[in-house]
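With mmCIF, N, CA and C atoms inside, this is data11.cif:
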data_coords
#
loop_
_atom_site.label_atom_id
_atom_site.label_comp_id
_atom_site.auth_asym_id
_atom_site.auth_seq_id
_atom_site.Cartn_x
_atom_site.Cartn_y
_atom_site.Cartn_z
N MET Y 787 114.31 79.05 128.25
CA MET Y 787 114.98 79.92 127.29
C MET Y 787 114.49 81.35 127.47
N SER Y 788 115.37 82.30 127.34
CA SER Y 788 115.04 83.70 127.54
C SER Y 788 114.30 84.27 126.33
N HIS Y 789 113.56 85.32 126.60
CA HIS Y 789 112.87 86.07 125.55
C HIS Y 789 113.91 86.89 124.78
N ARG Y 790 113.88 86.81 123.46
CA ARG Y 790 114.80 87.59 122.64
C ARG Y 790 114.31 89.03 122.55
N PRO Y 791 115.16 90.00 122.87
CA PRO Y 791 114.74 91.39 122.71
C PRO Y 791 114.57 91.72 121.23
N ARG Y 792 113.69 92.67 120.94
CA ARG Y 792 113.42 93.10 119.57
C ARG Y 792 113.73 94.58 119.45
N VAL Y 793 114.56 94.93 118.48
CA VAL Y 793 114.93 96.31 118.18
C VAL Y 793 114.42 96.63 116.79
N SER Y 794 113.72 97.75 116.65
CA SER Y 794 113.17 98.15 115.36
C SER Y 794 113.75 99.48 114.93
N PHE Y 795 114.19 99.53 113.68
CA PHE Y 795 114.75 100.73 113.08
C PHE Y 795 113.72 101.32 112.13
N ILE Y 796 113.44 102.62 112.27
CA ILE Y 796 112.49 103.30 111.41
C ILE Y 796 113.24 104.30 110.55
N GLY Y 797 113.21 104.11 109.25
CA GLY Y 797 113.77 105.05 108.29
C GLY Y 797 115.26 104.94 108.08
N GLY Y 798 115.65 104.85 106.83
CA GLY Y 798 117.05 104.97 106.46
C GLY Y 798 117.96 103.81 106.75
N ALA Y 799 117.47 102.72 107.28
CA ALA Y 799 118.35 101.61 107.64
C ALA Y 799 118.26 100.45 106.66
N GLU Y 800 117.52 100.59 105.58
CA GLU Y 800 117.32 99.48 104.66
C GLU Y 800 118.63 98.96 104.08
N ARG Y 801 119.56 99.84 103.79
CA ARG Y 801 120.82 99.40 103.19
C ARG Y 801 121.65 98.56 104.18
N MET Y 802 121.41 98.74 105.46
CA MET Y 802 122.13 97.99 106.49
C MET Y 802 121.40 96.72 106.91
N GLU Y 803 120.22 96.53 106.38
CA GLU Y 803 119.36 95.44 106.86
C GLU Y 803 120.05 94.08 106.88
N PRO Y 804 120.70 93.63 105.79
CA PRO Y 804 121.32 92.29 105.85
C PRO Y 804 122.38 92.16 106.95
N ASP Y 805 123.23 93.18 107.08
CA ASP Y 805 124.28 93.14 108.11
C ASP Y 805 123.69 93.12 109.52
N LEU Y 806 122.67 93.95 109.74
CA LEU Y 806 122.11 94.05 111.08
C LEU Y 806 121.25 92.84 111.44
N LEU Y 807 120.60 92.24 110.45
CA LEU Y 807 119.86 91.00 110.72
C LEU Y 807 120.82 89.90 111.15
N ALA Y 808 121.96 89.80 110.47
CA ALA Y 808 122.96 88.79 110.82
C ALA Y 808 123.55 89.06 112.20
N LEU Y 809 123.89 90.31 112.48
CA LEU Y 809 124.43 90.66 113.79
C LEU Y 809 123.41 90.42 114.89
N GLY Y 810 122.17 90.82 114.65
CA GLY Y 810 121.12 90.58 115.63
C GLY Y 810 120.98 89.10 115.94
N ASP Y 811 121.04 88.27 114.92
CA ASP Y 811 120.95 86.83 115.12
C ASP Y 811 122.11 86.32 115.96
N GLU Y 812 123.31 86.82 115.68
CA GLU Y 812 124.50 86.45 116.46
C GLU Y 812 124.34 86.83 117.93
N LEU Y 813 123.74 88.00 118.17
CA LEU Y 813 123.61 88.52 119.53
C LEU Y 813 122.34 88.07 120.24
N GLY Y 814 121.47 87.36 119.54
CA GLY Y 814 120.22 86.92 120.15
C GLY Y 814 119.16 88.01 120.19
N ILE Y 815 119.18 88.90 119.19
CA ILE Y 815 118.24 90.02 119.12
C ILE Y 815 117.46 89.92 117.82
N ASP Y 816 116.15 90.08 117.89
CA ASP Y 816 115.34 90.18 116.69
C ASP Y 816 115.40 91.62 116.21
N VAL Y 817 115.71 91.83 114.94
CA VAL Y 817 115.84 93.17 114.37
C VAL Y 817 114.80 93.31 113.27
N GLU Y 818 114.08 94.44 113.29
CA GLU Y 818 113.08 94.73 112.26
C GLU Y 818 113.32 96.11 111.68
N PHE Y 819 112.80 96.33 110.49
CA PHE Y 819 112.97 97.59 109.79
C PHE Y 819 111.65 98.07 109.20
N HIS Y 820 111.51 99.39 109.14
CA HIS Y 820 110.40 100.01 108.43
C HIS Y 820 110.99 101.23 107.74
N GLY Y 821 110.71 101.37 106.45
CA GLY Y 821 111.30 102.46 105.68
C GLY Y 821 110.80 103.84 106.02
N GLY Y 822 109.74 103.94 106.82
CA GLY Y 822 109.20 105.24 107.19
C GLY Y 822 108.13 105.74 106.23
N HIS Y 823 107.73 104.89 105.30
CA HIS Y 823 106.70 105.29 104.34
C HIS Y 823 105.32 105.12 105.00
N THR Y 824 104.51 106.18 104.96
CA THR Y 824 103.23 106.15 105.68
C THR Y 824 102.02 106.21 104.76
N ARG Y 825 102.21 106.21 103.47
CA ARG Y 825 101.05 106.22 102.55
C ARG Y 825 100.37 104.86 102.56
N GLY Y 826 99.10 104.87 102.24
CA GLY Y 826 98.34 103.62 102.20
C GLY Y 826 98.31 102.96 103.57
N THR Y 827 98.78 101.72 103.63
CA THR Y 827 98.79 100.99 104.91
C THR Y 827 100.09 101.19 105.68
N GLY Y 828 100.96 102.06 105.19
CA GLY Y 828 102.26 102.29 105.83
C GLY Y 828 102.17 102.70 107.28
N SER Y 829 101.24 103.62 107.61
CA SER Y 829 101.09 104.07 109.01
C SER Y 829 100.66 102.93 109.91
N ALA Y 830 99.73 102.11 109.45
CA ALA Y 830 99.25 100.97 110.26
C ALA Y 830 100.37 99.95 110.45
N ARG Y 831 101.14 99.68 109.40
CA ARG Y 831 102.26 98.74 109.53
C ARG Y 831 103.33 99.29 110.48
N LEU Y 832 103.56 100.58 110.41
CA LEU Y 832 104.52 101.22 111.31
C LEU Y 832 104.06 101.10 112.76
N ALA Y 833 102.81 101.43 113.03
CA ALA Y 833 102.28 101.35 114.39
C ALA Y 833 102.34 99.91 114.91
N SER Y 834 102.04 98.93 114.06
CA SER Y 834 102.09 97.53 114.45
C SER Y 834 103.52 97.12 114.83
N LEU Y 835 104.49 97.54 114.03
CA LEU Y 835 105.88 97.24 114.33
C LEU Y 835 106.30 97.84 115.66
N VAL Y 836 105.93 99.08 115.90
CA VAL Y 836 106.30 99.76 117.15
C VAL Y 836 105.73 99.02 118.35
N GLN Y 837 104.51 98.55 118.25
CA GLN Y 837 103.85 97.88 119.37
C GLN Y 837 104.53 96.57 119.76
N ARG Y 838 105.23 95.93 118.84
CA ARG Y 838 105.83 94.63 119.17
C ARG Y 838 107.34 94.71 119.43
N THR Y 839 107.88 95.92 119.55
CA THR Y 839 109.32 96.06 119.75
C THR Y 839 109.65 96.37 121.21
N ASN Y 840 110.90 96.14 121.56
CA ASN Y 840 111.38 96.48 122.91
C ASN Y 840 112.17 97.78 122.92
N LEU Y 841 112.72 98.15 121.77
CA LEU Y 841 113.45 99.41 121.62
C LEU Y 841 113.23 99.90 120.21
N LEU Y 842 112.81 101.15 120.09
CA LEU Y 842 112.55 101.76 118.80
C LEU Y 842 113.66 102.76 118.49
N VAL Y 843 114.26 102.63 117.32
CA VAL Y 843 115.30 103.56 116.87
C VAL Y 843 114.72 104.32 115.68
N ILE Y 844 114.56 105.63 115.85
CA ILE Y 844 114.02 106.48 114.79
C ILE Y 844 115.16 107.29 114.21
N ILE Y 845 115.37 107.14 112.90
CA ILE Y 845 116.42 107.89 112.21
C ILE Y 845 115.74 109.07 111.51
N THR Y 846 115.94 110.25 112.07
CA THR Y 846 115.17 111.42 111.62
C THR Y 846 115.66 112.01 110.31
N GLY Y 847 116.93 111.88 110.00
CA GLY Y 847 117.48 112.51 108.81
C GLY Y 847 116.90 111.97 107.51
N THR Y 848 116.37 110.77 107.54
CA THR Y 848 115.84 110.14 106.33
C THR Y 848 114.37 109.79 106.46
N ASN Y 849 113.70 110.34 107.44
CA ASN Y 849 112.31 109.98 107.72
C ASN Y 849 111.38 111.15 107.47
N SER Y 850 110.16 110.83 107.09
CA SER Y 850 109.17 111.89 106.94
C SER Y 850 108.71 112.36 108.32
N HIS Y 851 108.23 113.58 108.37
CA HIS Y 851 107.71 114.12 109.62
C HIS Y 851 106.58 113.24 110.15
N ASN Y 852 105.72 112.78 109.26
CA ASN Y 852 104.59 111.95 109.67
C ASN Y 852 105.05 110.62 110.26
N ALA Y 853 106.05 109.99 109.66
CA ALA Y 853 106.55 108.71 110.18
C ALA Y 853 107.13 108.88 111.58
N VAL Y 854 107.88 109.95 111.79
CA VAL Y 854 108.44 110.22 113.11
C VAL Y 854 107.30 110.42 114.11
N HIS Y 855 106.30 111.19 113.72
CA HIS Y 855 105.16 111.46 114.60
C HIS Y 855 104.41 110.18 114.96
N VAL Y 856 104.09 109.36 113.97
CA VAL Y 856 103.36 108.10 114.22
C VAL Y 856 104.18 107.19 115.12
N ALA Y 857 105.47 107.05 114.83
CA ALA Y 857 106.32 106.16 115.62
C ALA Y 857 106.44 106.64 117.08
N LYS Y 858 106.72 107.93 117.27
CA LYS Y 858 106.86 108.46 118.63
C LYS Y 858 105.56 108.36 119.40
N ARG Y 859 104.45 108.71 118.77
CA ARG Y 859 103.14 108.66 119.44
C ARG Y 859 102.79 107.23 119.84
N THR Y 860 102.99 106.28 118.95
CA THR Y 860 102.68 104.88 119.25
C THR Y 860 103.59 104.35 120.36
N ALA Y 861 104.87 104.66 120.29
CA ALA Y 861 105.81 104.22 121.33
C ALA Y 861 105.41 104.79 122.69
N ASN Y 862 105.06 106.06 122.71
CA ASN Y 862 104.66 106.70 123.97
C ASN Y 862 103.43 106.03 124.56
N ARG Y 863 102.45 105.74 123.73
CA ARG Y 863 101.21 105.09 124.19
C ARG Y 863 101.46 103.71 124.79
N HIS Y 864 102.48 103.02 124.29
CA HIS Y 864 102.74 101.64 124.71
C HIS Y 864 103.96 101.49 125.61
N GLY Y 865 104.53 102.61 126.02
CA GLY Y 865 105.67 102.56 126.94
C GLY Y 865 106.93 101.97 126.33
N ILE Y 866 107.12 102.15 125.03
CA ILE Y 866 108.29 101.61 124.33
C ILE Y 866 109.41 102.65 124.37
N PRO Y 867 110.61 102.27 124.83
CA PRO Y 867 111.72 103.22 124.82
C PRO Y 867 112.12 103.58 123.39
N VAL Y 868 112.51 104.83 123.20
CA VAL Y 868 112.85 105.35 121.87
C VAL Y 868 114.24 105.97 121.90
N ARG Y 869 115.02 105.67 120.87
CA ARG Y 869 116.28 106.37 120.62
C ARG Y 869 116.09 107.14 119.33
N ILE Y 870 116.32 108.43 119.35
CA ILE Y 870 116.20 109.25 118.16
C ILE Y 870 117.59 109.65 117.70
N LEU Y 871 117.90 109.30 116.46
CA LEU Y 871 119.20 109.59 115.88
C LEU Y 871 119.00 110.38 114.59
N ARG Y 872 119.83 111.38 114.38
CA ARG Y 872 119.75 112.14 113.13
C ARG Y 872 120.21 111.29 111.97
N ALA Y 873 121.24 110.50 112.19
CA ALA Y 873 121.77 109.59 111.18
C ALA Y 873 122.22 108.32 111.89
N CYS Y 874 122.33 107.24 111.14
CA CYS Y 874 122.73 105.98 111.75
C CYS Y 874 123.46 105.15 110.70
N GLY Y 875 124.75 104.97 110.91
CA GLY Y 875 125.55 104.11 110.05
C GLY Y 875 125.66 102.72 110.66
N VAL Y 876 126.35 101.86 109.97
CA VAL Y 876 126.50 100.48 110.43
C VAL Y 876 127.18 100.44 111.79
N GLY Y 877 128.22 101.24 112.00
CA GLY Y 877 128.94 101.23 113.27
C GLY Y 877 128.06 101.63 114.44
N THR Y 878 127.28 102.68 114.26
CA THR Y 878 126.36 103.12 115.31
C THR Y 878 125.32 102.06 115.61
N ALA Y 879 124.76 101.48 114.56
CA ALA Y 879 123.74 100.44 114.74
C ALA Y 879 124.32 99.21 115.43
N ARG Y 880 125.53 98.81 115.04
CA ARG Y 880 126.18 97.66 115.69
C ARG Y 880 126.39 97.92 117.18
N ALA Y 881 126.88 99.13 117.51
CA ALA Y 881 127.11 99.48 118.92
C ALA Y 881 125.81 99.46 119.70
N LEU Y 882 124.75 99.95 119.11
CA LEU Y 882 123.44 99.96 119.76
C LEU Y 882 122.95 98.53 120.03
N LEU Y 883 123.07 97.67 119.02
CA LEU Y 883 122.64 96.28 119.20
C LEU Y 883 123.49 95.56 120.25
N ALA Y 884 124.79 95.83 120.27
CA ALA Y 884 125.67 95.23 121.29
C ALA Y 884 125.26 95.69 122.69
N GLU Y 885 124.90 96.96 122.81
CA GLU Y 885 124.44 97.51 124.10
C GLU Y 885 123.16 96.82 124.56
N VAL Y 886 122.23 96.61 123.63
CA VAL Y 886 120.97 95.93 123.95
C VAL Y 886 121.25 94.50 124.39
N ALA Y 887 122.16 93.82 123.69
CA ALA Y 887 122.49 92.44 124.04
C ALA Y 887 123.11 92.35 125.44
N ARG Y 888 124.00 93.29 125.75
CA ARG Y 888 124.62 93.30 127.10
C ARG Y 888 123.55 93.54 128.16
N ALA Y 889 122.67 94.48 127.92
CA ALA Y 889 121.63 94.80 128.89
C ALA Y 889 120.68 93.62 129.10
N ALA Y 890 120.47 92.82 128.04
CA ALA Y 890 119.56 91.68 128.13
C ALA Y 890 120.26 90.45 128.67
N GLY Y 891 121.58 90.54 128.87
CA GLY Y 891 122.33 89.41 129.41
C GLY Y 891 122.70 88.38 128.36
N PHE Y 892 122.76 88.78 127.11
CA PHE Y 892 123.14 87.84 126.03
C PHE Y 892 124.61 87.97 125.72
#
Could you quickly redo this structure as structure tokens?
Amino acid sequence: MSHRPRVSFIGGAERMEPDLLALGDELGIDVEFHGGHTRGTGSARLASLVQRTNLLVIITGTNSHNAVHVAKRTANRHGIPVRILRACGVGTARALLAEVARAAGF
């Protein structure tokens, strides 16, 4: 059995979470979310999520400067590809997940 790719969305995607989790499951992709909150243990949880993903999607329009910085820095250190989007609606996210599924051969 093939390894399921993992795509993580940082910031602003919480409202789409149920739809994207279902679509990811249909396409054979694990989808994760982080709200971009970095207070308390938020930065550590963000860095942990980035380290276990295959593609990181950072939505800058709804993210704090610190969350973007932590996510980009962690991704760079671990060689994780990053897509930076100013905004991301359901259609954009669906197209991105479909692209990942095609690239992974699913």
### Task
Would you kindly translate the PyMOL selection byres (((chain Y and resi 843 and name CA) around 9) and name CA) into the concrete residues it picks from this file, as an MDAnalysis selection string?
chainID Y and resid 793:797 841:842 844:845 867:871
### Message
So, with only N, CA and C atoms as the atoms that count, which of Y:Asn862, Y:Ile815, Y:Thr824, Y:Arg831 lies closest to Y:Val886?
### Response
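The answer is Y:Ile815, which sits nearest to Y:Val886.
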List every residue of chain Y that DSSP, applied to the backbone of this structure, assigns to helix (DSSP H, G or I), and report them as a PDB file with N, CA and C atoms, in the frame of the given file.
ATOM      1  N   GLU Y 800     117.520 100.590 105.580  1.00  0.00           N
ATOM      2  CA  GLU Y 800     117.320  99.480 104.660  1.00  0.00           C
ATOM      3  C   GLU Y 800     118.630  98.960 104.080  1.00  0.00           C
ATOM      4  N   ARG Y 801     119.560  99.840 103.790  1.00  0.00           N
ATOM      5  CA  ARG Y 801     120.820  99.400 103.190  1.00  0.00           C
ATOM      6  C   ARG Y 801     121.650  98.560 104.180  1.00  0.00           C
ATOM      7  N   MET Y 802     121.410  98.740 105.460  1.00  0.00           N
ATOM      8  CA  MET Y 802     122.130  97.990 106.490  1.00  0.00           C
ATOM      9  C   MET Y 802     121.400  96.720 106.910  1.00  0.00           C
ATOM     10  N   GLU Y 803     120.220  96.530 106.380  1.00  0.00           N
ATOM     11  CA  GLU Y 803     119.360  95.440 106.860  1.00  0.00           C
ATOM     12  C   GLU Y 803     120.050  94.080 106.880  1.00  0.00           C
ATOM     13  N   PRO Y 804     120.700  93.630 105.790  1.00  0.00           N
ATOM     14  CA  PRO Y 804     121.320  92.290 105.850  1.00  0.00           C
ATOM     15  C   PRO Y 804     122.380  92.160 106.950  1.00  0.00           C
ATOM     16  N   ASP Y 805     123.230  93.180 107.080  1.00  0.00           N
ATOM     17  CA  ASP Y 805     124.280  93.140 108.110  1.00  0.00           C
ATOM     18  C   ASP Y 805     123.690  93.120 109.520  1.00  0.00           C
ATOM     19  N   LEU Y 806     122.670  93.950 109.740  1.00  0.00           N
ATOM     20  CA  LEU Y 806     122.110  94.050 111.080  1.00  0.00           C
ATOM     21  C   LEU Y 806     121.250  92.840 111.440  1.00  0.00           C
ATOM     22  N   LEU Y 807     120.600  92.240 110.450  1.00  0.00           N
ATOM     23  CA  LEU Y 807     119.860  91.000 110.720  1.00  0.00           C
ATOM     24  C   LEU Y 807     120.820  89.900 111.150  1.00  0.00           C
ATOM     25  N   ALA Y 808     121.960  89.800 110.470  1.00  0.00           N
ATOM     26  CA  ALA Y 808     122.960  88.790 110.820  1.00  0.00           C
ATOM     27  C   ALA Y 808     123.550  89.060 112.200  1.00  0.00           C
ATOM     28  N   LEU Y 809     123.890  90.310 112.480  1.00  0.00           N
ATOM     29  CA  LEU Y 809     124.430  90.660 113.790  1.00  0.00           C
ATOM     30  C   LEU Y 809     123.410  90.420 114.890  1.00  0.00           C
ATOM     31  N   GLY Y 810     122.170  90.820 114.650  1.00  0.00           N
ATOM     32  CA  GLY Y 810     121.120  90.580 115.630  1.00  0.00           C
ATOM     33  C   GLY Y 810     120.980  89.100 115.940  1.00  0.00           C
ATOM     34  N   ASP Y 811     121.040  88.270 114.920  1.00  0.00           N
ATOM     35  CA  ASP Y 811     120.950  86.830 115.120  1.00  0.00           C
ATOM     36  C   ASP Y 811     122.110  86.320 115.960  1.00  0.00           C
ATOM     37  N   GLU Y 812     123.310  86.820 115.680  1.00  0.00           N
ATOM     38  CA  GLU Y 812     124.500  86.450 116.460  1.00  0.00           C
ATOM     39  C   GLU Y 812     124.340  86.830 117.930  1.00  0.00           C
ATOM     40  N   LEU Y 813     123.740  88.000 118.170  1.00  0.00           N
ATOM     41  CA  LEU Y 813     123.610  88.520 119.530  1.00  0.00           C
ATOM     42  C   LEU Y 813     122.340  88.070 120.240  1.00  0.00           C
ATOM     43  N   GLY Y 828     100.960 102.060 105.190  1.00  0.00           N
ATOM     44  CA  GLY Y 828     102.260 102.290 105.830  1.00  0.00           C
ATOM     45  C   GLY Y 828     102.170 102.700 107.280  1.00  0.00           C
ATOM     46  N   SER Y 829     101.240 103.620 107.610  1.00  0.00           N
ATOM     47  CA  SER Y 829     101.090 104.070 109.010  1.00  0.00           C
ATOM     48  C   SER Y 829     100.660 102.930 109.910  1.00  0.00           C
ATOM     49  N   ALA Y 830      99.730 102.110 109.450  1.00  0.00           N
ATOM     50  CA  ALA Y 830      99.250 100.970 110.260  1.00  0.00           C
ATOM     51  C   ALA Y 830     100.370  99.950 110.450  1.00  0.00           C
ATOM     52  N   ARG Y 831     101.140  99.680 109.400  1.00  0.00           N
ATOM     53  CA  ARG Y 831     102.260  98.740 109.530  1.00  0.00           C
ATOM     54  C   ARG Y 831     103.330  99.290 110.480  1.00  0.00           C
ATOM     55  N   LEU Y 832     103.560 100.580 110.410  1.00  0.00           N
ATOM     56  CA  LEU Y 832     104.520 101.220 111.310  1.00  0.00           C
ATOM     57  C   LEU Y 832     104.060 101.100 112.760  1.00  0.00           C
ATOM     58  N   ALA Y 833     102.810 101.430 113.030  1.00  0.00           N
ATOM     59  CA  ALA Y 833     102.280 101.350 114.390  1.00  0.00           C
ATOM     60  C   ALA Y 833     102.340  99.910 114.910  1.00  0.00           C
ATOM     61  N   SER Y 834     102.040  98.930 114.060  1.00  0.00           N
ATOM     62  CA  SER Y 834     102.090  97.530 114.450  1.00  0.00           C
ATOM     63  C   SER Y 834     103.520  97.120 114.830  1.00  0.00           C
ATOM     64  N   LEU Y 835     104.490  97.540 114.030  1.00  0.00           N
ATOM     65  CA  LEU Y 835     105.880  97.240 114.330  1.00  0.00           C
ATOM     66  C   LEU Y 835     106.300  97.840 115.660  1.00  0.00           C
ATOM     67  N   VAL Y 836     105.930  99.080 115.900  1.00  0.00           N
ATOM     68  CA  VAL Y 836     106.300  99.760 117.150  1.00  0.00           C
ATOM     69  C   VAL Y 836     105.730  99.020 118.350  1.00  0.00           C
ATOM     70  N   GLN Y 837     104.510  98.550 118.250  1.00  0.00           N
ATOM     71  CA  GLN Y 837     103.850  97.880 119.370  1.00  0.00           C
ATOM     72  C   GLN Y 837     104.530  96.570 119.760  1.00  0.00           C
ATOM     73  N   THR Y 846     115.940 110.250 112.070  1.00  0.00           N
ATOM     74  CA  THR Y 846     115.170 111.420 111.620  1.00  0.00           C
ATOM     75  C   THR Y 846     115.660 112.010 110.310  1.00  0.00           C
ATOM     76  N   GLY Y 847     116.930 111.880 110.000  1.00  0.00           N
ATOM     77  CA  GLY Y 847     117.480 112.510 108.810  1.00  0.00           C
ATOM     78  C   GLY Y 847     116.900 111.970 107.510  1.00  0.00           C
ATOM     79  N   THR Y 848     116.370 110.770 107.540  1.00  0.00           N
ATOM     80  CA  THR Y 848     115.840 110.140 106.330  1.00  0.00           C
ATOM     81  C   THR Y 848     114.370 109.790 106.460  1.00  0.00           C
ATOM     82  N   HIS Y 851     108.230 113.580 108.370  1.00  0.00           N
ATOM     83  CA  HIS Y 851     107.710 114.120 109.620  1.00  0.00           C
ATOM     84  C   HIS Y 851     106.580 113.240 110.150  1.00  0.00           C
ATOM     85  N   ASN Y 852     105.720 112.780 109.260  1.00  0.00           N
ATOM     86  CA  ASN Y 852     104.590 111.950 109.670  1.00  0.00           C
ATOM     87  C   ASN Y 852     105.050 110.620 110.260  1.00  0.00           C
ATOM     88  N   ALA Y 853     106.050 109.990 109.660  1.00  0.00           N
ATOM     89  CA  ALA Y 853     106.550 108.710 110.180  1.00  0.00           C
ATOM     90  C   ALA Y 853     107.130 108.880 111.580  1.00  0.00           C
ATOM     91  N   VAL Y 854     107.880 109.950 111.790  1.00  0.00           N
ATOM     92  CA  VAL Y 854     108.440 110.220 113.110  1.00  0.00           C
ATOM     93  C   VAL Y 854     107.300 110.420 114.110  1.00  0.00           C
ATOM     94  N   HIS Y 855     106.300 111.190 113.720  1.00  0.00           N
ATOM     95  CA  HIS Y 855     105.160 111.460 114.600  1.00  0.00           C
ATOM     96  C   HIS Y 855     104.410 110.180 114.960  1.00  0.00           C
ATOM     97  N   VAL Y 856     104.090 109.360 113.970  1.00  0.00           N
ATOM     98  CA  VAL Y 856     103.360 108.100 114.220  1.00  0.00           C
ATOM     99  C   VAL Y 856     104.180 107.190 115.120  1.00  0.00           C
ATOM    100  N   ALA Y 857     105.470 107.050 114.830  1.00  0.00           N
ATOM    101  CA  ALA Y 857     106.320 106.160 115.620  1.00  0.00           C
ATOM    102  C   ALA Y 857     106.440 106.640 117.080  1.00  0.00           C
ATOM    103  N   LYS Y 858     106.720 107.930 117.270  1.00  0.00           N
ATOM    104  CA  LYS Y 858     106.860 108.460 118.630  1.00  0.00           C
ATOM    105  C   LYS Y 858     105.560 108.360 119.400  1.00  0.00           C
ATOM    106  N   ARG Y 859     104.450 108.710 118.770  1.00  0.00           N
ATOM    107  CA  ARG Y 859     103.140 108.660 119.440  1.00  0.00           C
ATOM    108  C   ARG Y 859     102.790 107.230 119.840  1.00  0.00           C
ATOM    109  N   THR Y 860     102.990 106.280 118.950  1.00  0.00           N
ATOM    110  CA  THR Y 860     102.680 104.880 119.250  1.00  0.00           C
ATOM    111  C   THR Y 860     103.590 104.350 120.360  1.00  0.00           C
ATOM    112  N   ALA Y 861     104.870 104.660 120.290  1.00  0.00           N
ATOM    113  CA  ALA Y 861     105.810 104.220 121.330  1.00  0.00           C
ATOM    114  C   ALA Y 861     105.410 104.790 122.690  1.00  0.00           C
ATOM    115  N   ASN Y 862     105.060 106.060 122.710  1.00  0.00           N
ATOM    116  CA  ASN Y 862     104.660 106.700 123.970  1.00  0.00           C
ATOM    117  C   ASN Y 862     103.430 106.030 124.560  1.00  0.00           C
ATOM    118  N   ARG Y 863     102.450 105.740 123.730  1.00  0.00           N
ATOM    119  CA  ARG Y 863     101.210 105.090 124.190  1.00  0.00           C
ATOM    120  C   ARG Y 863     101.460 103.710 124.790  1.00  0.00           C
ATOM    121  N   HIS Y 864     102.480 103.020 124.290  1.00  0.00           N
ATOM    122  CA  HIS Y 864     102.740 101.640 124.710  1.00  0.00           C
ATOM    123  C   HIS Y 864     103.960 101.490 125.610  1.00  0.00           C
ATOM    124  N   VAL Y 876     126.350 101.860 109.970  1.00  0.00           N
ATOM    125  CA  VAL Y 876     126.500 100.480 110.430  1.00  0.00           C
ATOM    126  C   VAL Y 876     127.180 100.440 111.790  1.00  0.00           C
ATOM    127  N   GLY Y 877     128.220 101.240 112.000  1.00  0.00           N
ATOM    128  CA  GLY Y 877     128.940 101.230 113.270  1.00  0.00           C
ATOM    129  C   GLY Y 877     128.060 101.630 114.440  1.00  0.00           C
ATOM    130  N   THR Y 878     127.280 102.680 114.260  1.00  0.00           N
ATOM    131  CA  THR Y 878     126.360 103.120 115.310  1.00  0.00           C
ATOM    132  C   THR Y 878     125.320 102.060 115.610  1.00  0.00           C
ATOM    133  N   ALA Y 879     124.760 101.480 114.560  1.00  0.00           N
ATOM    134  CA  ALA Y 879     123.740 100.440 114.740  1.00  0.00           C
ATOM    135  C   ALA Y 879     124.320  99.210 115.430  1.00  0.00           C
ATOM    136  N   ARG Y 880     125.530  98.810 115.040  1.00  0.00           N
ATOM    137  CA  ARG Y 880     126.180  97.660 115.690  1.00  0.00           C
ATOM    138  C   ARG Y 880     126.390  97.920 117.180  1.00  0.00           C
ATOM    139  N   ALA Y 881     126.880  99.130 117.510  1.00  0.00           N
ATOM    140  CA  ALA Y 881     127.110  99.480 118.920  1.00  0.00           C
ATOM    141  C   ALA Y 881     125.810  99.460 119.700  1.00  0.00           C
ATOM    142  N   LEU Y 882     124.750  99.950 119.110  1.00  0.00           N
ATOM    143  CA  LEU Y 882     123.440  99.960 119.760  1.00  0.00           C
ATOM    144  C   LEU Y 882     122.950  98.530 120.030  1.00  0.00           C
ATOM    145  N   LEU Y 883     123.070  97.670 119.020  1.00  0.00           N
ATOM    146  CA  LEU Y 883     122.640  96.280 119.200  1.00  0.00           C
ATOM    147  C   LEU Y 883     123.490  95.560 120.250  1.00  0.00           C
ATOM    148  N   ALA Y 884     124.790  95.830 120.270  1.00  0.00           N
ATOM    149  CA  ALA Y 884     125.670  95.230 121.290  1.00  0.00           C
ATOM    150  C   ALA Y 884     125.260  95.690 122.690  1.00  0.00           C
ATOM    151  N   GLU Y 885     124.900  96.960 122.810  1.00  0.00           N
ATOM    152  CA  GLU Y 885     124.440  97.510 124.100  1.00  0.00           C
ATOM    153  C   GLU Y 885     123.160  96.820 124.560  1.00  0.00           C
ATOM    154  N   VAL Y 886     122.230  96.610 123.630  1.00  0.00           N
ATOM    155  CA  VAL Y 886     120.970  95.930 123.950  1.00  0.00           C
ATOM    156  C   VAL Y 886     121.250  94.500 124.390  1.00  0.00           C
ATOM    157  N   ALA Y 887     122.160  93.820 123.690  1.00  0.00           N
ATOM    158  CA  ALA Y 887     122.490  92.440 124.040  1.00  0.00           C
ATOM    159  C   ALA Y 887     123.110  92.350 125.440  1.00  0.00           C
ATOM    160  N   ARG Y 888     124.000  93.290 125.750  1.00  0.00           N
ATOM    161  CA  ARG Y 888     124.620  93.300 127.100  1.00  0.00           C
ATOM    162  C   ARG Y 888     123.550  93.540 128.160  1.00  0.00           C
ATOM    163  N   ALA Y 889     122.670  94.480 127.920  1.00  0.00           N
ATOM    164  CA  ALA Y 889     121.630  94.800 128.890  1.00  0.00           C
ATOM    165  C   ALA Y 889     120.680  93.620 129.100  1.00  0.00           C
ATOM    166  N   ALA Y 890     120.470  92.820 128.040  1.00  0.00           N
ATOM    167  CA  ALA Y 890     119.560  91.680 128.130  1.00  0.00           C
ATOM    168  C   ALA Y 890     120.260  90.450 128.670  1.00  0.00           C
TER     169      ALA Y 890
END
### Message
Please compute the atom CA of Y:Lys858-atom CA of Y:Thr846 distance, one decimal, in Å.
### Response
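About the pair atom CA of Y:Lys858 and atom CA of Y:Thr846: they are 11.3 Å apart.
Minimum distance to Y:Thr860 across Y:Arg872, Y:Ala833, Y:Arg880, Y:Asp811 (counting only N, CA and C atoms) occurs at Y:Ala833.
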Step by step, gather every atom of stretch 844-854 of chain Y that the file lists, find the box along x, y and z that holds them, add 8 Å on each side, and finally give centre and edge lengths in Å to one decimal, as lines of an AutoDock Vina configuration file.
center_x = 111.0
center_y = 109.9
center_z = 111.1
size_x = 28.9
size_y = 24.5
size_z = 25.5
### Chain and number of each residue from the PyMOL selection byres ((chain Y and resi 814) around 7), as a PyMOL selection string
chain Y and resi 790-791+809-813+815-816+887+892
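Atom pair atom N of Y:Gly822 / atom N of Y:Gly798 has a distance of 6.0 Å (rounded to one decimal).
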